[in-house]
Amino acid sequence: MYVFVKENEQERTFVNEEEINRLLEENSDPDDFKIKEILQKSLSKQRLEPDEVATLLNAKNKEQWEEIFHAARTLKEKVYGNRIVLFAPLYIGNECVNDCEYCGFRISNKDVIRKTLSLDELRNEVKALVSKGHKRLIVVYGEHPKYSPEFISKTIDVIYNTKLGNGEIRRVNVNAAPQTIDGYKLIKEVGIGTYQIFQETYHYPTYKKMHPRGPKSNFAWRLYGLDRAMLAGIDDVGIGALFGLYNWKFEVMGLIYHTIHLEERFGVGPHTISFPRIEPAVGTPIAERPPYQVNDEDFKRLVAVLRLAVPYTGLILTAREPIQIRKEVLKLGVSQIDAGSSIGVGSYSETDPEVVKKSQFILGDTRTLDEVIYELLRENYIPSFCTACYRAGRTGEHFMEFAIPGFVKRFCTPNALFTLNEYLNDYASKQTKLLGKEKIQIELNKISENQRSKIIEGLEKIDKGERDVRF
Ligand code: SAM
Ligand code: SF4
């Protein structure tokens with residue numbers, strides 16, 4: 001019903017504009033009973049169908065939305081608990097041959113200062129990140145012949161091999177241009193986590209308008225970019241839409257069709273879904289005033305609907321968003337956030353007065369990693385730097401957390417506590433360390449006795465100096 005796989009721009013794809021509009025139209029006046037029924041389905045951990053998602057998106061009053069928010073919070077608590085995984089973005093280069101209207105890096109932007117890190121500069125960036133306590137990165141590149149699969153692999157290899165004291169980066173995710181299957185194979189060899197490609201907008205006419213030239217102007221090449229990644233053996237892929245380019249309800253529907261397409265073709269849906277909103281960027285008028293700007297209320301709604309629609313997937317929220325919004329949507333089902341982020345090329349290791357001119361956009365949350373961790377702990381989250389599954393060859397860990405009974409208790413909670421304890425011992429400020437140790441104790445008290453003693457053993461090893469303890 002949904003799949004019409006052709007990688008040619010002229011053919012129909014799995015995103016059918018008329019069908020999405022029809023479903024949004026047909027389900028535009030949902031009654032309370034229907035909404036309750038759909039929420040029940042989601043709470044029983046089933047992925048929703050497009051008509052059900054359209055129904056939730058069209059909830060028509062405060063009461064219905066409150067029910068949806070409540071269900072999203074319940075699902076998150078029930079399935080995933082209170083862990084939040086932390087990562088940092090690392091911009092490797094901002095040269096770009098595309099002309100995406102909303103992006104500070106686009107080729108026609110004369111106000112941006114172009115820069116690609118040398119390998120030595122890259123090492124300095126990695127050391128700066130490791131010195132703060134980071135273990136997980138997402139590396140970001142413009143689209144440029146310089147950023148070939150060989151170059152991407154080389155940079156990731158350098159990252160994995162840059163150590164500092166007790167610390168190192170243990171998982172590198174990638175946000176770069178879509179590749180050929182052979183290109184992905186090369187990148188896979190160095191050991192990446194998730195490969196992310198955001199479709200930006202699933203609305204074809206808007207896509208064409210926003211991407212007037214360069215390889216990215218080919219909608220289908222990008223839409224099937226993650227299919228090629230899967231065909232190359234990369235199991236963990238991340239999809240996303242850039243909110244503000246077109247109607248937010250349409251984009252959520254697009255993300256759902258993309259999810260279903262991956263499930264149908266590969267038997268596994270996306271590892272993560274991202275939902276950035278457009279932020280201001282130097283020399284970029286559209287980013288100041290996006291054509292379909294999403295307000296905070298609708299933003300919360302779209303996160304809640306995504307959580308419920310694809311209960312098994314990780315949801316990523318970035319520091320594009322201001323602190324207050326971050327706090328609110330965390331409760332609705334977000335599983336990963338970046339922290340202590342800097343998005344100028346080279347800006348972790350050097351203080352650069354021109355950093356904004358080397359940045360893709362401007363961040364809403366500029367707290368340090370330690371400040372974010374302190375806040376998370378105060379709000380009873382367990383910050384986690386866990387990379388255990390990836391390193392034990394357990395791909396699709398987010399799906400396993402969801403699907404395998406007892407998985408979170410057996411692996412995720414202990415590993416979150418181990419990585420938090422490492423952070424507290426090696427990098428935390430005094431007050432974060434104090435609070436963190438207290439919270440670890442509180443978490444231990446929630447765990448069954450048999451399990452608890454094994455975790456205490458691991459925590460003690462870390463206190464004695466052992467690192468990278470994991471289940
Ligand atoms: N160049 C590659 C690409 O376009 O896929 C990968 C990196 S691109 C720098 C990463 C993502 O940043 C894009 O997919 C887009 O969604 C997002 N982005 C671009 N401009 C933005 C802006 N002004 N505000 C927020 N996010 C933006
Ligand atoms: Fe280049 Fe990516 Fe920015 Fe588009 S979004 S201009 S492809 S860096």
# chains A, B, ... in the order shown; residues from 1 in each chain; ligands from 1
call {"tool": "residues_around", "arguments": {"residues": "segment 133-142 of chain A", "least_positions_apart": "2", "cutoff": "7 Å", "atoms": "only C-alpha atoms", "output": "number ranges by chain"}}
result
A: 87-96, 129-131, 144, 168-176, 385, 423, 427
call {"tool": "residues_near_ligand", "arguments": {"ligand": "ligand 2", "cutoff": "7 Å", "atoms": "only C-alpha atoms and all ligand atoms", "output": "MDAnalysis selection string"}}
result
chainID A and resid 94 96:100 103:107 141:143 177 216 360
call {"tool": "write_last_selection", "arguments": {"atoms": "C-alpha atoms", "output": "compact mmCIF listing (two decimals), in the first residue's frame"}}
result
# COMPACT_ATOMS: atom_id res chain seq x y z
CA ASN A 94 31.38 23.82 6.56
CA CYS A 96 29.18 23.04 0.81
CA VAL A 97 28.12 22.85 -2.83
CA ASN A 98 24.40 22.95 -2.03
CA ASP A 99 22.27 26.00 -1.64
CA CYS A 100 19.72 25.04 1.02
CA CYS A 103 21.35 26.92 6.11
CA GLY A 104 24.24 29.19 6.98
CA PHE A 105 26.64 26.88 5.11
CA ARG A 106 24.91 27.16 1.71
CA ILE A 107 27.17 27.96 -1.22
CA TYR A 141 29.94 17.80 7.43
CA GLY A 142 28.74 20.07 4.66
CA GLU A 143 28.29 18.41 1.27
CA ALA A 177 25.40 13.83 2.78
CA LYS A 216 20.72 17.89 -2.68
CA GLN A 360 25.48 26.63 10.69
call {"tool": "atom_distance", "arguments": {"atom1": "atom CA of Ile316 of chain A", "atom2": "atom CA of Thr272 of chain A"}}
result
6.8 Å
call {"tool": "select_by_dssp", "arguments": {"residues": "segment 280-348 of chain A", "states": "strand (DSSP E or B)", "output": "number ranges by chain"}}
result
A: 314-317, 336-338, 344
call {"tool": "atom_distance", "arguments": {"atom1": "atom CA of Glu150 of chain A", "atom2": "atom 1 (N, counted along the ligand's line) of ligand 1"}}
result
16.3 Å
call {"tool": "residues_around", "arguments": {"residues": "segment 327-342 of chain A", "least_positions_apart": "2", "cutoff": "6 Å", "atoms": "only C-alpha atoms", "output": "PyMOL selection string"}}
result
chain A and resi 72-73+76+84-88+304+307+314-318+324-325+344+367-369
call {"tool": "write_last_selection", "arguments": {"atoms": "N, CA and C atoms", "output": "PDB file, in the first residue's frame"}}
result
ATOM      1  N   ALA A  72       1.982  10.121  26.243  1.00  0.00           N
ATOM      2  CA  ALA A  72       3.394  10.160  25.820  1.00  0.00           C
ATOM      3  C   ALA A  72       4.314  10.053  27.035  1.00  0.00           C
ATOM      4  N   ARG A  73       3.965  10.786  28.105  1.00  0.00           N
ATOM      5  CA  ARG A  73       4.786  10.720  29.323  1.00  0.00           C
ATOM      6  C   ARG A  73       4.751   9.305  29.920  1.00  0.00           C
ATOM      7  N   LYS A  76       6.873   6.876  27.861  1.00  0.00           N
ATOM      8  CA  LYS A  76       8.305   7.078  28.109  1.00  0.00           C
ATOM      9  C   LYS A  76       8.704   6.451  29.448  1.00  0.00           C
ATOM     10  N   ILE A  84      18.691   9.650  30.233  1.00  0.00           N
ATOM     11  CA  ILE A  84      18.828  10.516  29.064  1.00  0.00           C
ATOM     12  C   ILE A  84      20.267  10.384  28.565  1.00  0.00           C
ATOM     13  N   VAL A  85      20.411   9.994  27.321  1.00  0.00           N
ATOM     14  CA  VAL A  85      21.751   9.812  26.754  1.00  0.00           C
ATOM     15  C   VAL A  85      22.276  11.161  26.254  1.00  0.00           C
ATOM     16  N   LEU A  86      23.550  11.419  26.547  1.00  0.00           N
ATOM     17  CA  LEU A  86      24.142  12.719  26.187  1.00  0.00           C
ATOM     18  C   LEU A  86      25.188  12.574  25.085  1.00  0.00           C
ATOM     19  N   PHE A  87      25.212  13.533  24.189  1.00  0.00           N
ATOM     20  CA  PHE A  87      26.224  13.530  23.132  1.00  0.00           C
ATOM     21  C   PHE A  87      26.582  14.971  22.779  1.00  0.00           C
ATOM     22  N   ALA A  88      27.600  15.128  21.924  1.00  0.00           N
ATOM     23  CA  ALA A  88      27.948  16.472  21.440  1.00  0.00           C
ATOM     24  C   ALA A  88      28.109  16.437  19.924  1.00  0.00           C
ATOM     25  N   ALA A 304       5.109  14.742  21.137  1.00  0.00           N
ATOM     26  CA  ALA A 304       4.253  13.743  21.796  1.00  0.00           C
ATOM     27  C   ALA A 304       3.683  12.765  20.766  1.00  0.00           C
ATOM     28  N   ARG A 307       6.378  10.365  19.620  1.00  0.00           N
ATOM     29  CA  ARG A 307       6.657   9.355  20.661  1.00  0.00           C
ATOM     30  C   ARG A 307       5.628   8.218  20.595  1.00  0.00           C
ATOM     31  N   GLY A 314      14.268   5.970  19.137  1.00  0.00           N
ATOM     32  CA  GLY A 314      14.870   7.010  19.968  1.00  0.00           C
ATOM     33  C   GLY A 314      14.488   8.383  19.421  1.00  0.00           C
ATOM     34  N   LEU A 315      14.214   9.309  20.300  1.00  0.00           N
ATOM     35  CA  LEU A 315      13.906  10.672  19.848  1.00  0.00           C
ATOM     36  C   LEU A 315      15.040  11.591  20.295  1.00  0.00           C
ATOM     37  N   ILE A 316      15.558  12.374  19.331  1.00  0.00           N
ATOM     38  CA  ILE A 316      16.705  13.238  19.630  1.00  0.00           C
ATOM     39  C   ILE A 316      16.285  14.697  19.640  1.00  0.00           C
ATOM     40  N   LEU A 317      16.629  15.363  20.723  1.00  0.00           N
ATOM     41  CA  LEU A 317      16.349  16.801  20.829  1.00  0.00           C
ATOM     42  C   LEU A 317      17.681  17.529  20.894  1.00  0.00           C
ATOM     43  N   THR A 318      17.821  18.627  20.153  1.00  0.00           N
ATOM     44  CA  THR A 318      19.136  19.275  20.150  1.00  0.00           C
ATOM     45  C   THR A 318      19.116  20.619  20.877  1.00  0.00           C
ATOM     46  N   GLN A 324      13.955  26.111  28.477  1.00  0.00           N
ATOM     47  CA  GLN A 324      12.634  25.795  29.013  1.00  0.00           C
ATOM     48  C   GLN A 324      11.915  24.747  28.162  1.00  0.00           C
ATOM     49  N   ILE A 325      11.998  24.908  26.847  1.00  0.00           N
ATOM     50  CA  ILE A 325      11.353  23.952  25.937  1.00  0.00           C
ATOM     51  C   ILE A 325      12.012  22.588  26.064  1.00  0.00           C
ATOM     52  N   GLY A 344      30.436  25.920  15.902  1.00  0.00           N
ATOM     53  CA  GLY A 344      31.355  26.570  14.954  1.00  0.00           C
ATOM     54  C   GLY A 344      32.448  25.567  14.628  1.00  0.00           C
ATOM     55  N   ARG A 367      24.372  26.042  27.769  1.00  0.00           N
ATOM     56  CA  ARG A 367      24.920  25.608  29.058  1.00  0.00           C
ATOM     57  C   ARG A 367      26.076  24.620  28.840  1.00  0.00           C
ATOM     58  N   THR A 368      26.965  24.543  29.852  1.00  0.00           N
ATOM     59  CA  THR A 368      28.065  23.575  29.745  1.00  0.00           C
ATOM     60  C   THR A 368      27.514  22.167  29.996  1.00  0.00           C
ATOM     61  N   LEU A 369      28.333  21.162  29.659  1.00  0.00           N
ATOM     62  CA  LEU A 369      27.925  19.780  29.902  1.00  0.00           C
ATOM     63  C   LEU A 369      27.638  19.573  31.392  1.00  0.00           C
TER      64      LEU A 369
END
call {"tool": "residues_around", "arguments": {"residues": "His258 of chain A", "least_positions_apart": "3", "cutoff": "10 Å", "atoms": "only C-alpha atoms", "output": "mmCIF file with C-alpha atoms, in the first residue's frame"}}
result
data_model
loop_
_atom_site.group_PDB
_atom_site.id
_atom_site.type_symbol
_atom_site.label_atom_id
_atom_site.label_comp_id
_atom_site.auth_asym_id
_atom_site.auth_seq_id
_atom_site.Cartn_x
_atom_site.Cartn_y
_atom_site.Cartn_z
ATOM 1 C CA TYR A 2 2.731 2.448 0.910
ATOM 2 C CA VAL A 3 5.775 1.378 -0.981
ATOM 3 C CA PHE A 14 6.613 6.196 -0.746
ATOM 4 C CA VAL A 15 5.574 9.704 0.229
ATOM 5 C CA GLN A 199 14.827 14.723 4.600
ATOM 6 C CA TYR A 202 8.651 15.524 2.784
ATOM 7 C CA LEU A 223 14.794 10.114 0.352
ATOM 8 C CA TYR A 224 16.358 6.731 -0.455
ATOM 9 C CA LEU A 226 19.157 5.584 4.126
ATOM 10 C CA ILE A 239 15.616 10.083 9.956
ATOM 11 C CA GLY A 240 14.447 13.654 10.560
ATOM 12 C CA VAL A 252 5.057 14.210 10.934
ATOM 13 C CA MET A 253 3.081 12.140 8.430
ATOM 14 C CA GLY A 254 6.143 12.078 6.152
ATOM 15 C CA LEU A 255 8.280 10.753 9.019
ATOM 16 C CA HIS A 261 8.917 2.172 4.363
ATOM 17 C CA LEU A 262 12.086 1.158 6.243
ATOM 18 C CA GLU A 263 10.156 -1.406 8.278
ATOM 19 C CA GLU A 264 8.639 -2.921 5.159
ATOM 20 C CA GLY A 269 12.497 1.032 11.345
ATOM 21 C CA PRO A 270 14.705 4.046 12.073
#
call {"tool": "closest_residue", "arguments": {"among": "A:Arg277, A:Tyr207, A:Arg326, A:Gly396", "to": "Gly238 of chain A", "atoms": "only C-alpha atoms"}}
result
A:Gly396
call {"tool": "closest_residue", "arguments": {"among": "A:Arg320, A:Arg123, A:His70, A:Lys110", "to": "Ile278 of chain A", "atoms": "only C-alpha atoms"}}
result
A:Arg320
call {"tool": "closest_residue", "arguments": {"among": "A:Tyr390, A:Tyr80, A:Phe243, A:Phe411", "to": "ligand 1", "atoms": "only C-alpha atoms and all ligand atoms"}}
result
A:Phe243
call {"tool": "residues_around", "arguments": {"residues": "Arg83 of chain A", "least_positions_apart": "2", "cutoff": "8 Å", "atoms": "only C-alpha atoms", "output": "list of chain:residue names"}}
result
A:Tyr80, A:Gly81, A:Val85, A:Ser335, A:Tyr381, A:Ile382, A:Pro383, A:Ser384, A:Thr413, A:Ala416
call {"tool": "atom_distance", "arguments": {"atom1": "atom CA of Glu279 of chain A", "atom2": "atom CA of Thr180 of chain A"}}
result
29.8 Å
call {"tool": "residues_around", "arguments": {"residues": "Arg47 of chain A", "least_positions_apart": "2", "cutoff": "7 Å", "atoms": "only C-alpha atoms", "output": "number ranges by chain"}}
result
A: 42, 45, 49, 309-311
call {"tool": "write_last_selection", "arguments": {"atoms": "N, CA and C atoms", "output": "tab-separated table (two decimals), in the first residue's frame"}}
result
chain	number	residue	atom	x	y	z
A	42	SER	N	-1.07	2.56	21.31
A	42	SER	CA	0.30	3.00	21.45
A	42	SER	C	0.89	2.53	22.79
A	45	LYS	N	2.39	-0.64	23.05
A	45	LYS	CA	3.68	-0.68	22.35
A	45	LYS	C	3.59	-1.06	20.87
A	49	GLU	N	-0.64	3.43	12.67
A	49	GLU	CA	-0.81	3.53	11.21
A	49	GLU	C	-1.03	5.00	10.84
A	309	ALA	N	3.51	7.51	18.09
A	309	ALA	CA	3.35	6.88	16.77
A	309	ALA	C	4.40	5.80	16.54
A	310	VAL	N	5.64	6.06	16.98
A	310	VAL	CA	6.72	5.07	16.79
A	310	VAL	C	7.33	4.77	18.16
A	311	PRO	N	6.64	3.96	18.95
A	311	PRO	CA	7.07	3.79	20.35
A	311	PRO	C	8.46	3.18	20.49
call {"tool": "residues_around", "arguments": {"residues": "Arg222 of chain A", "least_positions_apart": "3", "cutoff": "10 Å", "atoms": "only C-alpha atoms", "output": "count of residues only"}}
result
17
call {"tool": "select_by_dssp", "arguments": {"residues": "segment 180-365 of chain A", "states": "alpha helix (DSSP H)", "output": "ChimeraX atom specification"}}
result
/A:181-189,204-210,219-223,225-231,248-266,285-288,296-309,323-330
call {"tool": "closest_residue", "arguments": {"among": "A:Ile447, A:Val372, A:Ile343, A:Leu164", "to": "ligand 1", "atoms": "only C-alpha atoms and all ligand atoms"}}
result
A:Ile343
call {"tool": "closest_residue", "arguments": {"among": "A:Gln293, A:Thr395, A:Asn247, A:Asn82", "to": "Gly233 of chain A", "atoms": "only C-alpha atoms"}}
result
A:Thr395
